[in-house]
Amino acid sequence: LRILLTGRNGQVGWELARALPELGEAIATDRASLDLADYDAIRRTVRETKPQIIINSGAYTAVDKAESEPGAAASVNAGAPAVLAEEAKRLGAFLVHYSTDYVFDGEKAGPYGEEDPTNPLNVYGRTKRDGELSVMEAGCRHLILRTSWVYGPRGRNFLLAIVRKARSGEALRVVDDQLGAPTSSRAIALGTISAISSAIRNDYIGGLYHMSAVGSTTWYGFARSIVRATGLHVEVEPISSNDYPAPARRPRNSVLDNSKITRELDVHIPSWEEGMTEVLAQLGKD
Ligand SMILES: NC(=O)c1ccc[n+]([C@@H]2O[C@H](COP(=O)([O-])OP(=O)(O)OC[C@H]3O[C@@H](n4cnc5c(N)ncnc54)[C@H](OP(=O)(O)O)[C@@H]3O)[C@@H](O)[C@H]2O)c1
């Protein structure tokens with residue numbers, strides 16, 4: 001199998017680049033070798049490499065910055081997947097694309113299923129929803145995997161920020177009124193490979209799936225668990241979103257129901273606590 005990967009330096013892309021060889025020959029690209037805002041470059045790369053599978057892990061993920069750069073966010077999160085999907089359709093390739101829990105408004109009381117109506121609260125979420133729609137409308141065989149609160153041993157993420165601050169002895173104030181599932185980049189990469197393998201075995205069945213860690217917590221709960229697990233002694237104070245004003249609004253609840261991907265594609269993502277423990281153990285090793 002020949003697999004074209006975008007965004008290889010991202011949290012998920014980096015783990016994918018390490019794990020993909022078990023699935024096939026990976027052609028891993030980053031911003032320098034394939035700029036997702038350059039649609040001609042996307043077409044050229046797909047036509048030259050002729051992959052059977054395209055995995056699009058590149059994205060504009062700066063949620064707050066997207067509020068002031070909606071055009072840049074849209075070109076990468078909505079325009080690029082549209083072009084990748086058109087090219088996948090032409091070639092008969094299978095497109096794997098990621099989306100986000102931020103397509104929801106957070107008003108639902110329980111976990112969100114794939115059929116629940118979307119209503120993004122911010123520019124990032126709207127551009128990611130547009131990306132989902134373009135992939136679905138292009139008519140290529142595809143998997144859209146919605147995940148949430150991504151972190152890992154490298155990149156810019158919440159876990160690393162908390163560890164850094166806690167090590168410097170800084171007291172932490174963390175929002176306690178947003179509920180979600182922190183999901184490790186490695187769990188996403190392994191889940192993706194497992195999902196692709198099942199899809200191929202079943203004659204490339206595809207569609208939209210939720211794929212996040214089991215369980216849920218708030219950012220405060222996550223921070224407290226990180227601090228406890230690392231044995232650092234710093235205060236963690238729960239605050240409300242109103243006390244931490246940010247340019248982009250976030251959903252109060254964005255927990256995803258993963259039962260469809262488990263049932264149909266036999267994908268199992270460990271609990272967020274297991275993911276956290278694994279990533280903390282990994283720190284400093286790579
Ligand atoms: N991060 C989260 O909390 C989260 C939550 C839910 C869903 N997701 C989704 O999960 C997927 C993977 O996210 P992630 O956390 O791995 O993101 P990430 O760590 O921010 O990585 C994204 C990668 O995309 C690359 N990229 C951005 N613009 C590009 C462009 N114009 N051309 C080529 N590459 C470009 C970035 O390159 P540079 O390194 O050069 O900037 C980066 O390597 C995305 O679809 C994201 O929307 C993420």
# chains A, B, ... in the order shown; residues from 1 in each chain; ligands from 1
call {"tool": "residues_around", "arguments": {"residues": "region 174-180 of chain A", "least_positions_apart": "2", "cutoff": "9 Å", "atoms": "only C-alpha atoms", "output": "ChimeraX atom specification"}}
result
/A:101,106,148-149,172,182,215-221,223,236-244,250-256
call {"tool": "closest_atom_pairs", "arguments": {"of": "chain A", "to": "ligand 1", "cutoff": "8 Å", "atoms": "only C-alpha atoms and all ligand atoms", "output": "Markdown table"}}
result
| residue | atom | partner | partner_atom_place_in_ligand_line | distance |
| --- | --- | --- | --- | --- |
| A:Thr6 | CA | ligand 1 | 34 (N) | 6.5 |
| A:Gly7 | CA | ligand 1 | 24 (O) | 4.2 |
| A:Arg8 | CA | ligand 1 | 43 (O) | 5.8 |
| A:Asn9 | CA | ligand 1 | 43 (O) | 4.0 |
| A:Gly10 | CA | ligand 1 | 21 (O) | 3.2 |
| A:Gln11 | CA | ligand 1 | 16 (O) | 3.7 |
| A:Val12 | CA | ligand 1 | 16 (O) | 3.8 |
| A:Gly13 | CA | ligand 1 | 16 (O) | 5.7 |
| A:Trp14 | CA | ligand 1 | 16 (O) | 7.8 |
| A:Thr29 | CA | ligand 1 | 33 (C) | 7.9 |
| A:Asp30 | CA | ligand 1 | 34 (N) | 5.4 |
| A:Arg31 | CA | ligand 1 | 33 (C) | 3.5 |
| A:Ala32 | CA | ligand 1 | 33 (C) | 7.1 |
| A:Ser33 | CA | ligand 1 | 33 (C) | 8.0 |
| A:Leu34 | CA | ligand 1 | 33 (C) | 5.7 |
| A:Asp35 | CA | ligand 1 | 32 (N) | 3.5 |
| A:Leu36 | CA | ligand 1 | 32 (N) | 3.7 |
| A:Ala37 | CA | ligand 1 | 31 (N) | 4.7 |
| A:Asp38 | CA | ligand 1 | 31 (N) | 7.5 |
| A:Asn56 | CA | ligand 1 | 45 (O) | 7.2 |
| A:Ser57 | CA | ligand 1 | 12 (C) | 4.9 |
| A:Gly58 | CA | ligand 1 | 24 (O) | 3.2 |
| A:Ala59 | CA | ligand 1 | 24 (O) | 4.3 |
| A:Tyr60 | CA | ligand 1 | 27 (C) | 4.8 |
| A:Thr61 | CA | ligand 1 | 20 (O) | 4.8 |
| A:Ala62 | CA | ligand 1 | 20 (O) | 7.0 |
| A:Ser75 | CA | ligand 1 | 31 (N) | 7.9 |
| A:Val76 | CA | ligand 1 | 31 (N) | 5.6 |
| A:Asn77 | CA | ligand 1 | 47 (O) | 7.4 |
| A:His97 | CA | ligand 1 | 45 (O) | 6.8 |
| A:Tyr98 | CA | ligand 1 | 45 (O) | 4.2 |
| A:Ser99 | CA | ligand 1 | 9 (C) | 5.0 |
| A:Thr100 | CA | ligand 1 | 7 (C) | 3.8 |
| A:Asp101 | CA | ligand 1 | 6 (C) | 5.8 |
| A:Tyr102 | CA | ligand 1 | 6 (C) | 7.1 |
| A:Lys128 | CA | ligand 1 | 47 (O) | 6.7 |
| A:Arg146 | CA | ligand 1 | 7 (C) | 6.3 |
| A:Thr147 | CA | ligand 1 | 6 (C) | 4.7 |
| A:Ser148 | CA | ligand 1 | 6 (C) | 3.8 |
| A:Trp149 | CA | ligand 1 | 3 (O) | 3.9 |
| A:Val150 | CA | ligand 1 | 3 (O) | 3.8 |
| A:Tyr151 | CA | ligand 1 | 3 (O) | 6.6 |
| A:Gly155 | CA | ligand 1 | 19 (O) | 5.8 |
| A:Arg156 | CA | ligand 1 | 19 (O) | 6.7 |
| A:Asn157 | CA | ligand 1 | 1 (N) | 7.2 |
| A:Ser185 | CA | ligand 1 | 16 (O) | 6.8 |
call {"tool": "closest_residue", "arguments": {"among": "A:Arg201, A:Arg228, A:Lys108, A:His233", "to": "Arg167 (chain A)", "atoms": "only C-alpha atoms"}}
result
A:His233
call {"tool": "select_by_dssp", "arguments": {"residues": "region 3-146 of chain A", "states": "helix (DSSP H, G or I)", "output": "JSON, numbers by chain"}}
result
{"A": [11, 12, 13, 14, 15, 16, 17, 18, 19, 20, 21, 22, 39, 40, 41, 42, 43, 44, 45, 46, 47, 48, 49, 65, 66, 67, 70, 71, 72, 73, 74, 75, 76, 77, 78, 79, 80, 81, 82, 83, 84, 85, 86, 87, 88, 89, 90, 91, 101, 102, 103, 123, 124, 125, 126, 127, 128, 129, 130, 131, 132, 133, 134, 135, 136, 137, 138]}
call {"tool": "residues_around", "arguments": {"residues": "Tyr204 (chain A)", "least_positions_apart": "4", "cutoff": "9 Å", "atoms": "only C-alpha atoms", "output": "PDB file with all heavy atoms, in the first residue's frame"}}
result
ATOM      1  N   PHE A  94      -8.423   6.192  -1.045  1.00  0.00           N
ATOM      2  CA  PHE A  94      -9.218   6.236   0.188  1.00  0.00           C
ATOM      3  C   PHE A  94      -8.677   7.386   1.036  1.00  0.00           C
ATOM      4  O   PHE A  94      -7.486   7.414   1.357  1.00  0.00           O
ATOM      5  CB  PHE A  94      -9.039   4.894   0.908  1.00  0.00           C
ATOM      6  CG  PHE A  94      -9.936   4.675   2.085  1.00  0.00           C
ATOM      7  CD1 PHE A  94     -11.316   4.568   1.932  1.00  0.00           C
ATOM      8  CD2 PHE A  94      -9.408   4.531   3.365  1.00  0.00           C
ATOM      9  CE1 PHE A  94     -12.150   4.331   3.023  1.00  0.00           C
ATOM     10  CE2 PHE A  94     -10.234   4.290   4.461  1.00  0.00           C
ATOM     11  CZ  PHE A  94     -11.606   4.192   4.284  1.00  0.00           C
ATOM     12  N   ARG A 141     -14.138   7.555  -1.471  1.00  0.00           N
ATOM     13  CA  ARG A 141     -14.216   6.683  -0.300  1.00  0.00           C
ATOM     14  C   ARG A 141     -13.427   7.373   0.808  1.00  0.00           C
ATOM     15  O   ARG A 141     -12.325   7.880   0.575  1.00  0.00           O
ATOM     16  CB  ARG A 141     -13.599   5.321  -0.627  1.00  0.00           C
ATOM     17  CG  ARG A 141     -14.446   4.536  -1.645  1.00  0.00           C
ATOM     18  CD  ARG A 141     -13.755   3.249  -2.029  1.00  0.00           C
ATOM     19  NE  ARG A 141     -12.450   3.534  -2.644  1.00  0.00           N
ATOM     20  CZ  ARG A 141     -11.473   2.649  -2.781  1.00  0.00           C
ATOM     21  NH1 ARG A 141     -11.620   1.413  -2.344  1.00  0.00           N
ATOM     22  NH2 ARG A 141     -10.334   2.964  -3.337  1.00  0.00           N
ATOM     23  N   HIS A 142     -13.993   7.416   2.003  1.00  0.00           N
ATOM     24  CA  HIS A 142     -13.330   8.202   3.046  1.00  0.00           C
ATOM     25  C   HIS A 142     -13.652   7.713   4.455  1.00  0.00           C
ATOM     26  O   HIS A 142     -14.646   7.016   4.678  1.00  0.00           O
ATOM     27  CB  HIS A 142     -13.744   9.673   2.936  1.00  0.00           C
ATOM     28  CG  HIS A 142     -15.197   9.896   3.253  1.00  0.00           C
ATOM     29  ND1 HIS A 142     -16.178   9.924   2.288  1.00  0.00           N
ATOM     30  CD2 HIS A 142     -15.835  10.075   4.433  1.00  0.00           C
ATOM     31  CE1 HIS A 142     -17.351  10.115   2.867  1.00  0.00           C
ATOM     32  NE2 HIS A 142     -17.177  10.212   4.160  1.00  0.00           N
ATOM     33  N   ILE A 196      -8.245   1.939   9.540  1.00  0.00           N
ATOM     34  CA  ILE A 196      -7.962   1.740   8.112  1.00  0.00           C
ATOM     35  C   ILE A 196      -7.916   0.241   7.806  1.00  0.00           C
ATOM     36  O   ILE A 196      -8.477  -0.221   6.797  1.00  0.00           O
ATOM     37  CB  ILE A 196      -6.625   2.415   7.698  1.00  0.00           C
ATOM     38  CG1 ILE A 196      -6.733   3.938   7.819  1.00  0.00           C
ATOM     39  CG2 ILE A 196      -6.220   2.025   6.279  1.00  0.00           C
ATOM     40  CD1 ILE A 196      -5.408   4.673   7.598  1.00  0.00           C
ATOM     41  N   SER A 197      -7.263  -0.528   8.671  1.00  0.00           N
ATOM     42  CA  SER A 197      -7.166  -1.968   8.434  1.00  0.00           C
ATOM     43  C   SER A 197      -8.551  -2.602   8.375  1.00  0.00           C
ATOM     44  O   SER A 197      -8.836  -3.409   7.485  1.00  0.00           O
ATOM     45  CB  SER A 197      -6.348  -2.638   9.541  1.00  0.00           C
ATOM     46  OG  SER A 197      -5.101  -2.013   9.653  1.00  0.00           O
ATOM     47  N   SER A 198      -9.425  -2.235   9.298  1.00  0.00           N
ATOM     48  CA  SER A 198     -10.796  -2.779   9.285  1.00  0.00           C
ATOM     49  C   SER A 198     -11.537  -2.332   8.043  1.00  0.00           C
ATOM     50  O   SER A 198     -12.249  -3.121   7.416  1.00  0.00           O
ATOM     51  CB  SER A 198     -11.607  -2.267  10.473  1.00  0.00           C
ATOM     52  OG  SER A 198     -11.157  -2.798  11.641  1.00  0.00           O
ATOM     53  N   ALA A 199     -11.366  -1.063   7.694  1.00  0.00           N
ATOM     54  CA  ALA A 199     -12.080  -0.534   6.523  1.00  0.00           C
ATOM     55  C   ALA A 199     -11.669  -1.309   5.276  1.00  0.00           C
ATOM     56  O   ALA A 199     -12.505  -1.723   4.467  1.00  0.00           O
ATOM     57  CB  ALA A 199     -11.788   0.958   6.356  1.00  0.00           C
ATOM     58  N   ILE A 200     -10.353  -1.552   5.128  1.00  0.00           N
ATOM     59  CA  ILE A 200      -9.861  -2.278   3.951  1.00  0.00           C
ATOM     60  C   ILE A 200     -10.414  -3.713   3.940  1.00  0.00           C
ATOM     61  O   ILE A 200     -10.888  -4.199   2.908  1.00  0.00           O
ATOM     62  CB  ILE A 200      -8.311  -2.311   3.933  1.00  0.00           C
ATOM     63  CG1 ILE A 200      -7.765  -0.902   3.723  1.00  0.00           C
ATOM     64  CG2 ILE A 200      -7.792  -3.245   2.851  1.00  0.00           C
ATOM     65  CD1 ILE A 200      -6.247  -0.807   3.835  1.00  0.00           C
TER      66      ILE A 200
END
